[in-house]
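Have a look at data17.cif; it's mmCIF, C-alpha atoms and all ligand atoms:
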```
data_work
#
loop_
_atom_site.label_atom_id
_atom_site.label_comp_id
_atom_site.auth_asym_id
_atom_site.auth_seq_id
_atom_site.Cartn_x
_atom_site.Cartn_y
_atom_site.Cartn_z
CA MET A 548 9.84 -35.89 57.96
CA PRO A 549 8.24 -37.92 55.15
CA ARG A 550 5.66 -36.14 53.05
CA PHE A 551 2.44 -37.68 51.74
CA LEU A 552 0.34 -37.11 48.68
CA LEU A 553 -3.21 -38.24 47.92
CA SER A 554 -3.73 -39.49 44.38
CA ILE A 555 -7.22 -39.79 42.88
CA GLU A 556 -8.16 -41.77 39.77
CA SER A 557 -11.61 -41.77 38.14
CA THR A 558 -10.93 -41.69 34.39
CA CYS A 559 -13.10 -44.64 33.42
CA ASP A 560 -14.84 -47.24 35.59
CA GLU A 561 -12.57 -47.67 38.60
CA THR A 562 -12.88 -45.28 41.54
CA ALA A 563 -9.44 -45.24 43.12
CA ALA A 564 -7.36 -43.37 45.67
CA ALA A 565 -3.88 -43.94 47.04
CA VAL A 566 -1.59 -42.33 49.58
CA ILE A 567 1.98 -42.17 48.31
CA ARG A 568 5.06 -41.12 50.29
CA ASP A 569 7.64 -38.80 48.71
CA ASP A 570 10.04 -41.75 48.22
CA LEU A 571 7.27 -43.25 45.98
CA HIS A 572 6.33 -45.86 48.56
CA VAL A 573 2.63 -46.65 48.21
CA MET A 574 1.24 -46.42 51.76
CA HIS A 575 -2.22 -47.62 50.79
CA SER A 576 -4.07 -48.04 47.52
CA VAL A 577 -7.81 -48.58 47.13
CA VAL A 578 -9.60 -49.53 43.90
CA SER A 579 -13.36 -49.79 43.85
CA SER A 580 -14.23 -51.62 40.65
CA GLN A 581 -17.51 -51.01 38.84
CA THR A 582 -17.32 -54.23 36.81
CA ALA A 583 -20.54 -55.58 38.30
CA LEU A 584 -22.43 -52.47 37.15
CA HIS A 585 -21.24 -52.60 33.54
CA GLU A 586 -21.06 -56.39 33.06
CA GLN A 587 -24.55 -56.75 31.62
CA TYR A 588 -23.76 -54.18 28.89
CA GLY A 589 -20.45 -55.79 27.82
CA GLY A 590 -18.65 -52.45 28.25
CA VAL A 591 -18.56 -49.24 30.27
CA VAL A 592 -21.73 -47.10 30.22
CA PRO A 593 -20.45 -43.53 30.81
CA GLU A 594 -23.50 -42.22 32.71
CA ILE A 595 -23.53 -45.22 35.06
CA ALA A 596 -19.78 -44.84 35.61
CA ALA A 597 -20.06 -41.14 36.52
CA ARG A 598 -22.89 -41.76 38.99
CA ALA A 599 -21.02 -44.64 40.65
CA HIS A 600 -17.87 -42.48 40.99
CA LEU A 601 -19.95 -39.86 42.74
CA GLU A 602 -21.27 -42.40 45.25
CA ARG A 603 -17.88 -43.99 45.88
CA ILE A 604 -15.29 -41.25 45.74
CA LEU A 605 -15.49 -40.05 49.36
CA PRO A 606 -15.53 -43.54 50.97
CA VAL A 607 -12.62 -44.58 48.74
CA ILE A 608 -10.58 -41.51 49.75
CA ASP A 609 -11.39 -42.20 53.43
CA GLN A 610 -10.27 -45.82 53.08
CA ALA A 611 -6.99 -44.78 51.45
CA LEU A 612 -6.21 -42.32 54.25
CA GLN A 613 -7.22 -44.76 56.97
CA GLY A 614 -5.19 -47.57 55.44
CA ALA A 615 -2.17 -45.27 55.30
CA GLY A 616 -2.75 -44.21 58.90
CA ILE A 617 -2.84 -40.50 58.13
CA SER A 618 -5.45 -37.76 57.96
CA LEU A 619 -6.20 -35.03 55.41
CA THR A 620 -4.17 -32.50 57.40
CA ASP A 621 -1.02 -34.64 56.88
CA LEU A 622 -1.15 -34.22 53.09
CA SER A 623 1.40 -32.14 51.20
CA ALA A 624 -0.51 -32.27 47.91
CA VAL A 625 -3.49 -33.77 46.14
CA ALA A 626 -3.17 -35.19 42.64
CA VAL A 627 -5.83 -36.26 40.18
CA ALA A 628 -5.92 -37.91 36.76
CA ALA A 629 -7.38 -35.06 34.70
CA HIS A 630 -6.99 -36.53 31.19
CA PRO A 631 -7.76 -38.49 29.05
CA GLY A 632 -10.95 -40.35 29.98
CA LEU A 633 -14.73 -40.18 30.11
CA VAL A 634 -15.66 -36.59 30.87
CA GLY A 635 -18.37 -37.37 33.46
CA SER A 636 -16.01 -39.76 35.27
CA LEU A 637 -13.07 -37.35 35.18
CA LEU A 638 -15.22 -34.54 36.52
CA VAL A 639 -15.91 -36.41 39.77
CA GLY A 640 -12.23 -36.97 40.60
CA VAL A 641 -11.19 -33.48 39.50
CA THR A 642 -13.92 -31.84 41.59
CA ALA A 643 -12.97 -33.88 44.67
CA ALA A 644 -9.27 -32.99 44.25
CA LYS A 645 -9.97 -29.29 43.70
CA THR A 646 -12.13 -29.19 46.82
CA LEU A 647 -9.43 -30.83 48.96
CA SER A 648 -6.82 -28.47 47.54
CA LEU A 649 -8.94 -25.43 48.34
CA VAL A 650 -10.05 -26.47 51.81
CA HIS A 651 -6.69 -27.79 53.02
CA GLU A 652 -4.59 -25.21 51.14
CA ILE A 653 -2.38 -27.81 49.48
CA PRO A 654 -1.07 -27.85 45.90
CA LEU A 655 -3.24 -29.45 43.22
CA ILE A 656 -1.47 -31.64 40.64
CA ALA A 657 -3.03 -32.68 37.34
CA ILE A 658 -1.87 -36.11 36.19
CA ASP A 659 -2.00 -37.47 32.67
CA HIS A 660 -3.52 -40.96 32.89
CA ILE A 661 -1.35 -42.29 30.03
CA GLN A 662 1.86 -41.03 31.63
CA ALA A 663 0.71 -42.57 34.91
CA HIS A 664 0.20 -45.99 33.24
CA LEU A 665 3.83 -45.86 32.04
CA PHE A 666 5.09 -44.53 35.37
CA ALA A 667 3.90 -47.79 36.94
CA CYS A 668 7.00 -49.34 35.28
CA GLN A 669 9.31 -47.00 37.16
CA MET A 670 7.78 -48.04 40.43
CA VAL A 671 9.48 -51.43 40.04
CA SER A 672 12.64 -50.51 38.17
CA THR A 673 15.83 -49.66 39.97
CA LYS A 674 17.69 -49.01 36.71
CA PRO A 675 17.55 -45.82 34.60
CA VAL A 676 14.74 -46.21 32.11
CA PHE A 677 15.02 -43.30 29.67
CA PRO A 678 15.12 -42.71 26.79
CA ALA A 679 12.61 -45.44 26.12
CA VAL A 680 9.87 -46.61 23.85
CA GLY A 681 6.60 -46.60 25.80
CA LEU A 682 3.60 -48.75 24.97
CA VAL A 683 0.29 -47.99 26.65
CA VAL A 684 -2.12 -50.78 25.87
CA SER A 685 -5.48 -50.54 27.57
CA GLY A 686 -9.23 -50.46 27.02
CA GLY A 687 -9.08 -46.92 25.65
CA HIS A 688 -5.61 -46.72 24.07
CA THR A 689 -3.00 -48.57 22.09
CA ASN A 690 -0.28 -45.96 21.78
CA LEU A 691 3.47 -46.04 21.22
CA TYR A 692 5.58 -43.19 22.58
CA ASP A 693 9.06 -41.79 22.37
CA CYS A 694 9.71 -41.16 26.07
CA ARG A 695 12.52 -38.78 27.04
CA SER A 696 11.46 -38.74 30.67
CA SER A 697 8.38 -39.78 32.63
CA VAL A 698 6.69 -36.50 31.73
CA GLU A 699 8.14 -35.85 28.25
CA MET A 700 6.55 -38.13 25.68
CA GLN A 701 5.83 -37.87 21.98
CA LEU A 702 3.26 -40.04 20.26
CA LEU A 703 4.87 -42.33 17.67
CA GLY A 704 1.73 -44.18 16.60
CA SER A 705 -1.59 -45.51 17.74
CA THR A 706 -4.55 -47.60 16.70
CA ILE A 707 -6.68 -46.48 13.78
CA ASP A 708 -9.79 -48.18 15.19
CA ASP A 709 -10.27 -50.27 18.35
CA ALA A 710 -7.84 -50.25 21.25
CA ALA A 711 -6.45 -53.71 22.05
CA GLY A 712 -8.40 -53.92 25.33
CA GLU A 713 -11.56 -52.86 23.54
CA ALA A 714 -11.01 -55.73 21.08
CA PHE A 715 -10.64 -58.14 24.04
CA ASP A 716 -13.90 -56.83 25.50
CA LYS A 717 -15.84 -57.04 22.21
CA VAL A 718 -14.48 -60.50 21.36
CA ALA A 719 -15.48 -61.74 24.83
CA THR A 720 -19.05 -60.67 24.06
CA ILE A 721 -18.92 -62.60 20.74
CA LEU A 722 -17.66 -65.67 22.62
CA GLY A 723 -20.27 -65.31 25.37
CA LEU A 724 -17.58 -64.65 27.99
CA PRO A 725 -18.01 -62.12 30.83
CA TYR A 726 -16.81 -58.51 30.92
CA PRO A 727 -14.02 -57.42 31.22
CA GLY A 728 -12.94 -59.47 28.24
CA GLY A 729 -9.19 -59.54 28.88
CA PRO A 730 -9.15 -61.74 31.98
CA SER A 731 -11.97 -63.99 30.73
CA ILE A 732 -10.33 -64.59 27.32
CA GLN A 733 -7.01 -65.27 29.05
CA LYS A 734 -8.72 -67.87 31.25
CA ALA A 735 -10.65 -69.42 28.35
CA GLY A 736 -7.51 -69.65 26.20
CA GLN A 737 -5.22 -71.12 28.86
CA LEU A 738 -5.36 -74.66 27.48
CA GLY A 739 -6.00 -73.64 23.89
CA ASN A 740 -3.73 -73.97 20.88
CA PRO A 741 -2.62 -70.45 19.85
CA LYS A 742 -1.85 -71.72 16.32
CA ALA A 743 -5.25 -73.35 15.75
CA TYR A 744 -6.64 -70.34 13.84
CA SER A 745 -4.58 -67.89 11.85
CA PHE A 746 -6.36 -64.62 12.53
CA PRO A 747 -5.24 -61.41 10.74
CA ARG A 748 -2.36 -59.37 12.15
CA ALA A 749 -2.82 -55.86 10.76
CA PHE A 750 0.23 -53.79 9.65
CA ILE A 751 2.59 -56.57 10.70
CA HIS A 752 4.60 -56.34 7.46
CA ASP A 753 4.43 -52.56 7.44
CA ASP A 754 6.97 -50.16 9.00
CA ARG A 755 4.26 -47.73 10.11
CA LEU A 756 3.78 -47.67 13.86
CA ALA A 757 0.03 -48.15 13.62
CA PHE A 758 -2.40 -50.71 14.96
CA SER A 759 -5.78 -51.98 13.83
CA PHE A 760 -7.86 -54.59 15.61
CA SER A 761 -11.25 -54.33 13.90
CA GLY A 762 -10.38 -56.80 11.10
CA LEU A 763 -9.23 -59.33 13.68
CA LYS A 764 -12.50 -58.91 15.54
CA THR A 765 -14.53 -59.42 12.34
CA ALA A 766 -12.51 -62.50 11.34
CA LEU A 767 -13.21 -64.00 14.75
CA LEU A 768 -16.90 -63.14 14.46
CA TYR A 769 -17.08 -64.99 11.10
CA GLU A 770 -15.20 -67.95 12.57
CA VAL A 771 -17.73 -68.17 15.42
CA GLN A 772 -20.97 -67.32 13.60
CA GLY A 773 -20.05 -68.24 10.02
CA GLN A 774 -19.49 -65.96 7.02
CA PRO A 775 -22.57 -63.94 6.03
CA GLY A 776 -24.36 -65.81 3.22
CA ALA A 777 -22.25 -68.96 3.65
CA ARG A 778 -24.07 -72.24 3.16
CA ASN A 779 -22.16 -74.20 5.79
CA GLN A 780 -22.93 -73.75 9.46
CA PRO A 781 -19.90 -73.04 11.69
CA PRO A 782 -18.71 -76.02 13.76
CA GLU A 783 -20.27 -76.53 17.18
CA MET A 784 -18.65 -74.46 19.96
CA THR A 785 -17.02 -77.15 22.08
CA PRO A 786 -14.86 -76.19 25.11
CA GLN A 787 -11.74 -77.08 23.07
CA ARG A 788 -12.84 -74.95 20.10
CA LEU A 789 -13.52 -72.02 22.47
CA ALA A 790 -10.09 -72.45 24.07
CA ASN A 791 -8.40 -72.58 20.65
CA ILE A 792 -10.21 -69.49 19.36
CA ALA A 793 -9.42 -67.54 22.56
CA ALA A 794 -5.74 -68.56 22.49
CA SER A 795 -5.42 -67.80 18.75
CA PHE A 796 -7.01 -64.37 19.22
CA GLU A 797 -4.65 -63.57 22.10
CA GLN A 798 -1.68 -64.73 20.03
CA ALA A 799 -2.68 -62.46 17.11
CA VAL A 800 -2.87 -59.42 19.44
CA VAL A 801 0.40 -60.34 21.14
CA ASP A 802 2.25 -60.84 17.81
CA VAL A 803 1.17 -57.40 16.62
CA LEU A 804 2.10 -55.66 19.89
CA ILE A 805 5.52 -57.33 20.01
CA THR A 806 6.29 -56.58 16.35
CA LYS A 807 5.36 -52.92 16.74
CA CYS A 808 7.47 -52.59 19.91
CA GLU A 809 10.43 -54.09 18.04
CA GLN A 810 9.90 -51.72 15.10
CA ALA A 811 9.66 -48.72 17.45
CA LEU A 812 12.89 -49.76 19.20
CA LYS A 813 14.62 -50.11 15.84
CA GLN A 814 13.33 -46.77 14.54
CA THR A 815 14.27 -44.82 17.68
CA GLY A 816 17.50 -46.73 18.34
CA TYR A 817 16.49 -47.04 22.01
CA GLN A 818 17.42 -50.03 24.17
CA SER A 819 14.64 -49.62 26.66
CA LEU A 820 10.93 -50.46 26.53
CA CYS A 821 8.23 -49.61 29.12
CA ILE A 822 4.76 -51.10 29.00
CA GLY A 823 1.65 -50.23 30.98
CA GLY A 824 -2.15 -50.41 30.81
CA GLY A 825 -4.75 -53.12 31.43
CA VAL A 826 -3.71 -55.41 28.55
CA ALA A 827 -0.16 -55.48 29.96
CA ALA A 828 -1.66 -57.79 32.62
CA ASN A 829 -2.09 -60.50 29.97
CA ALA A 830 0.01 -63.57 30.78
CA ARG A 831 0.71 -64.52 27.14
CA PHE A 832 1.82 -60.95 26.44
CA ARG A 833 4.03 -60.78 29.54
CA LYS A 834 5.74 -64.02 28.50
CA ALA A 835 6.27 -62.65 24.96
CA ILE A 836 7.84 -59.47 26.40
CA GLU A 837 10.19 -61.59 28.48
CA ASP A 838 11.18 -63.49 25.30
CA LEU A 839 11.70 -60.19 23.45
CA ARG A 840 13.89 -58.90 26.30
CA GLN A 841 16.15 -61.94 26.05
CA ARG A 842 16.12 -62.19 22.24
CA CYS A 843 16.98 -58.52 21.65
CA SER A 844 19.05 -57.88 24.82
CA ILE A 845 16.97 -54.86 25.68
CA GLU A 846 15.66 -53.49 28.96
CA ALA A 847 11.94 -54.29 28.97
CA ILE A 848 9.97 -53.14 31.98
CA ILE A 849 6.36 -54.08 32.30
CA ALA A 850 4.12 -52.57 34.97
CA PRO A 851 3.57 -54.86 37.97
CA LEU A 852 0.33 -56.84 37.66
CA GLU A 853 -1.47 -54.91 40.41
CA TYR A 854 -0.73 -51.58 38.67
CA CYS A 855 -1.63 -52.56 35.07
CA THR A 856 -5.36 -51.89 35.20
CA ASP A 857 -6.56 -48.51 36.43
CA ASN A 858 -5.40 -47.57 39.94
CA ALA A 859 -4.33 -44.47 41.84
CA ALA A 860 -0.92 -45.76 42.97
CA MET A 861 0.52 -45.03 39.53
CA GLY A 862 -0.34 -41.42 40.38
CA ALA A 863 3.06 -41.51 42.12
CA ILE A 864 4.13 -39.64 38.99
CA ALA A 865 2.68 -36.58 40.78
CA TRP A 866 5.84 -36.43 42.93
CA GLU A 867 7.84 -35.73 39.74
CA LEU A 868 5.46 -32.89 38.92
CA PHE A 869 5.65 -31.69 42.54
CA GLN A 870 9.44 -31.46 42.29
CA ARG A 871 9.11 -29.49 39.05
CA LYS A 872 6.52 -27.26 40.77
CA GLN A 873 4.06 -28.07 38.00
CA PHE A 874 0.90 -27.29 39.92
CA ALA A 875 -2.59 -26.89 38.55
CA THR A 876 -4.92 -24.06 39.51
CA LEU A 877 -8.48 -24.31 40.76
CA ASP A 878 -9.84 -23.63 37.29
CA LEU A 879 -8.51 -27.04 36.19
CA ASP A 880 -10.97 -28.70 33.80
CA PRO A 881 -10.91 -32.37 32.83
CA THR A 882 -9.94 -33.03 29.21
CA PRO A 883 -11.43 -36.18 27.66
CA GLY A 884 -8.90 -36.50 24.78
CA LEU A 885 -5.12 -36.91 24.57
CA VAL A 886 -3.29 -33.81 25.77
CA ARG A 887 -0.29 -31.96 24.24
CA ALA A 888 2.60 -34.18 23.26
CA VAL A 889 1.20 -37.12 25.21
O1 LIG A 901 -5.96 -49.67 31.85
P1 LIG A 901 -7.37 -50.13 32.01
O2 LIG A 901 -7.82 -50.59 33.37
O3 LIG A 901 -8.38 -49.02 31.59
C1 LIG A 901 -8.15 -48.10 30.54
O4 LIG A 901 -7.40 -47.12 30.76
O5 LIG A 901 -8.70 -48.37 29.45
O6 LIG A 901 -7.58 -51.30 30.94
C2 LIG A 901 -8.76 -52.03 30.89
C3 LIG A 901 -8.65 -53.01 29.73
C4 LIG A 901 -9.94 -53.76 29.45
O7 LIG A 901 -10.22 -53.66 28.07
C5 LIG A 901 -9.59 -55.21 29.85
O8 LIG A 901 -10.29 -56.18 29.09
C6 LIG A 901 -8.10 -55.25 29.61
O9 LIG A 901 -7.64 -53.99 30.02
N1 LIG A 901 -7.45 -56.31 30.40
C7 LIG A 901 -6.81 -57.35 29.85
C8 LIG A 901 -6.39 -58.18 30.93
N2 LIG A 901 -6.79 -57.58 32.11
C9 LIG A 901 -7.43 -56.43 31.76
N3 LIG A 901 -6.57 -57.68 28.57
C10 LIG A 901 -5.91 -58.83 28.33
N4 LIG A 901 -5.52 -59.69 29.30
C11 LIG A 901 -5.73 -59.41 30.62
N5 LIG A 901 -5.32 -60.25 31.57
ZN ZN A 902 -6.18 -46.79 32.09
#
```
Translate this file's structure into structure tokens.
Amino acid sequence: MPRFLLSIESTCDETAAAVIRDDLHVMHSVVSSQTALHEQYGGVVPEIAARAHLERILPVIDQALQGAGISLTDLSAVAVAAHPGLVGSLLVGVTAAKTLSLVHEIPLIAIDHIQAHLFACQMVSTKPVFPAVGLVVSGGHTNLYDCRSSVEMQLLGSTIDDAAGEAFDKVATILGLPYPGGPSIQKAGQLGNPKAYSFPRAFIHDDRLAFSFSGLKTALLYEVQGQPGARNQPPEMTPQRLANIAASFEQAVVDVLITKCEQALKQTGYQSLCIGGGVAANARFRKAIEDLRQRCSIEAIIAPLEYCTDNAAMGAIAWELFQRKQFATLDLDPTPGLVRAV
């Protein structure tokens, strides 16, 4: 008899639920995006996100179960992303999962959202993945990991300021493009020349596995609005200039991410690279990873497009925790920051 697990995700601004079979097959996955609520602010407003999760969580869970053709009594476990994330948002998912666990007397599993982003790679790979370098590149994180297994990861380095996705979102606001910035910059830059502007690439000639995107953001701001105190006005923002700036910005982010992945592979001696998170959906980045895979003869697995941005299907990692009997108790609290070795 197949067993089913309900996975719940509410770490940031997507309310999501998925039913996943014990062979990791995703029976049904539902993502209710809050983009329309946060668009006017150019980023996620935590209080609005928490309230929207509260309104949506039960209908989203119902839809996931209905789509999978099962009911709550068919579940063998309930899993929830309990860290890291916005505390008000996390609280909604965690409370829903704890309630289902209590009422239906099924195990509760606490998922790490970062590990889940990387697990999305394993959902498409038939080959052994570990040991591997893991890159989680999203709106909240730009982190490199030494991954021994899907649940044993050590942080190798991270950003000292903005996350890459955050830089995409802020730069979109500067360029007058809609939120979320990643997809709109990708679209704007499609026909642009990625070499038109040479934006800064922080730490690129440095062995440290660190990232910084705030200087890049400021350089772009000065390119668009002019240097403070400069006598000359910046050139008019034509569609071609916008396309060139967007493409050049994307290229700068991509160059840094690729270089740091290469350095991490060299430093660990690993042959395998896993990449997840919202920015991993970027077409220019995906192409660059494909080039890296061929150039360095490494195994590079990037999360499938549909599982790059936040979703509950990547909560399939809960089956690994289920097998290890790593269950949470009903006093589970959400943790906003990074947890333990992850
Ligand atoms: O993983 P995610 O959904 O949420 C977090 O865990 O943070 O990532 C959201 C981020 C946003 O900053 C968004 O602008 C970015 O991922 N993103 C992209 C693309 N699609 C989403 N960035 C670049 N190119 C994309 N196509
Ligand atoms: Zn995420």
Practice task
For segment 847-854 of chain A, work out the shell of residues within 10 Å, counting only C-alpha atoms and skipping chain neighbours fewer than 5 positions away, then give it as a VMD selection string.
Solution key: chain A and resid 663 to 672 674 676 679 to 682 818 to 825 827 to 830 833 836 to 841 859 to 861
Only C-alpha atoms, please: the residues just picked out, written as a PDB file, keeping the file's coordinate frame.
```pdb
ATOM      1  CA  ALA A 663       0.710 -42.570  34.910  1.00  0.00           C
ATOM      2  CA  HIS A 664       0.200 -45.990  33.240  1.00  0.00           C
ATOM      3  CA  LEU A 665       3.830 -45.860  32.040  1.00  0.00           C
ATOM      4  CA  PHE A 666       5.090 -44.530  35.370  1.00  0.00           C
ATOM      5  CA  ALA A 667       3.900 -47.790  36.940  1.00  0.00           C
ATOM      6  CA  CYS A 668       7.000 -49.340  35.280  1.00  0.00           C
ATOM      7  CA  GLN A 669       9.310 -47.000  37.160  1.00  0.00           C
ATOM      8  CA  MET A 670       7.780 -48.040  40.430  1.00  0.00           C
ATOM      9  CA  VAL A 671       9.480 -51.430  40.040  1.00  0.00           C
ATOM     10  CA  SER A 672      12.640 -50.510  38.170  1.00  0.00           C
ATOM     11  CA  LYS A 674      17.690 -49.010  36.710  1.00  0.00           C
ATOM     12  CA  VAL A 676      14.740 -46.210  32.110  1.00  0.00           C
ATOM     13  CA  ALA A 679      12.610 -45.440  26.120  1.00  0.00           C
ATOM     14  CA  VAL A 680       9.870 -46.610  23.850  1.00  0.00           C
ATOM     15  CA  GLY A 681       6.600 -46.600  25.800  1.00  0.00           C
ATOM     16  CA  LEU A 682       3.600 -48.750  24.970  1.00  0.00           C
ATOM     17  CA  GLN A 818      17.420 -50.030  24.170  1.00  0.00           C
ATOM     18  CA  SER A 819      14.640 -49.620  26.660  1.00  0.00           C
ATOM     19  CA  LEU A 820      10.930 -50.460  26.530  1.00  0.00           C
ATOM     20  CA  CYS A 821       8.230 -49.610  29.120  1.00  0.00           C
ATOM     21  CA  ILE A 822       4.760 -51.100  29.000  1.00  0.00           C
ATOM     22  CA  GLY A 823       1.650 -50.230  30.980  1.00  0.00           C
ATOM     23  CA  GLY A 824      -2.150 -50.410  30.810  1.00  0.00           C
ATOM     24  CA  GLY A 825      -4.750 -53.120  31.430  1.00  0.00           C
ATOM     25  CA  ALA A 827      -0.160 -55.480  29.960  1.00  0.00           C
ATOM     26  CA  ALA A 828      -1.660 -57.790  32.620  1.00  0.00           C
ATOM     27  CA  ASN A 829      -2.090 -60.500  29.970  1.00  0.00           C
ATOM     28  CA  ALA A 830       0.010 -63.570  30.780  1.00  0.00           C
ATOM     29  CA  ARG A 833       4.030 -60.780  29.540  1.00  0.00           C
ATOM     30  CA  ILE A 836       7.840 -59.470  26.400  1.00  0.00           C
ATOM     31  CA  GLU A 837      10.190 -61.590  28.480  1.00  0.00           C
ATOM     32  CA  ASP A 838      11.180 -63.490  25.300  1.00  0.00           C
ATOM     33  CA  LEU A 839      11.700 -60.190  23.450  1.00  0.00           C
ATOM     34  CA  ARG A 840      13.890 -58.900  26.300  1.00  0.00           C
ATOM     35  CA  GLN A 841      16.150 -61.940  26.050  1.00  0.00           C
ATOM     36  CA  ALA A 859      -4.330 -44.470  41.840  1.00  0.00           C
ATOM     37  CA  ALA A 860      -0.920 -45.760  42.970  1.00  0.00           C
ATOM     38  CA  MET A 861       0.520 -45.030  39.530  1.00  0.00           C
TER      39      MET A 861
END
```
Practice task
Identify which of the residues A:Ser557, A:Asp753, A:Ala611, A:Glu713 lies closest to Ser636 of chain A, counting all atoms listed in the file when measuring atom-to-atom distances.
Solution key: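 Selected residue with least distance to Ser636 of chain A: A:Ser557.
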Practice task
Counting only C-alpha atoms, figure out which residue out of A:Asp878, A:Asp802, A:Glu783, A:Glu770 gets nearest to Leu655 of chain A.
Solution key: A:Asp878
Problem - Within-7 Å residues of ligand LIG 901 (chain A), basis all atoms listed in the file, as a ChimeraX atom specification - result: /A:559,685-688,712-713,715-716,727-730,733,824-830,855-857
Completion exercise
Taken to one decimal, the atom CA of Ala710 of chain A-atom CA of Val684 of chain A distance is 7.4 Å
Could you give me, as an mmCIF file with C-alpha atoms, keeping the file's coordinate frame, the residues within 8 Å of Ala565 of chain A, counting only C-alpha atoms and dropping anything in the same chain fewer than 6 positions from it?
```cif
data_model
loop_
_atom_site.group_PDB
_atom_site.id
_atom_site.type_symbol
_atom_site.label_atom_id
_atom_site.label_comp_id
_atom_site.auth_asym_id
_atom_site.auth_seq_id
_atom_site.Cartn_x
_atom_site.Cartn_y
_atom_site.Cartn_z
ATOM 1 C CA LEU A 553 -3.210 -38.240 47.920
ATOM 2 C CA SER A 554 -3.730 -39.490 44.380
ATOM 3 C CA ILE A 555 -7.220 -39.790 42.880
ATOM 4 C CA VAL A 573 2.630 -46.650 48.210
ATOM 5 C CA MET A 574 1.240 -46.420 51.760
ATOM 6 C CA HIS A 575 -2.220 -47.620 50.790
ATOM 7 C CA SER A 576 -4.070 -48.040 47.520
ATOM 8 C CA VAL A 577 -7.810 -48.580 47.130
ATOM 9 C CA ILE A 608 -10.580 -41.510 49.750
ATOM 10 C CA ALA A 611 -6.990 -44.780 51.450
ATOM 11 C CA LEU A 612 -6.210 -42.320 54.250
ATOM 12 C CA ALA A 859 -4.330 -44.470 41.840
ATOM 13 C CA ALA A 860 -0.920 -45.760 42.970
ATOM 14 C CA GLY A 862 -0.340 -41.420 40.380
#
```
Handout entry: Spatial neighbours of Arg550 of chain A, max dist 7 Å, only C-alpha atoms, sep filter under 4 positions, as a ChimeraX atom specification
Key = /A:568-569,623
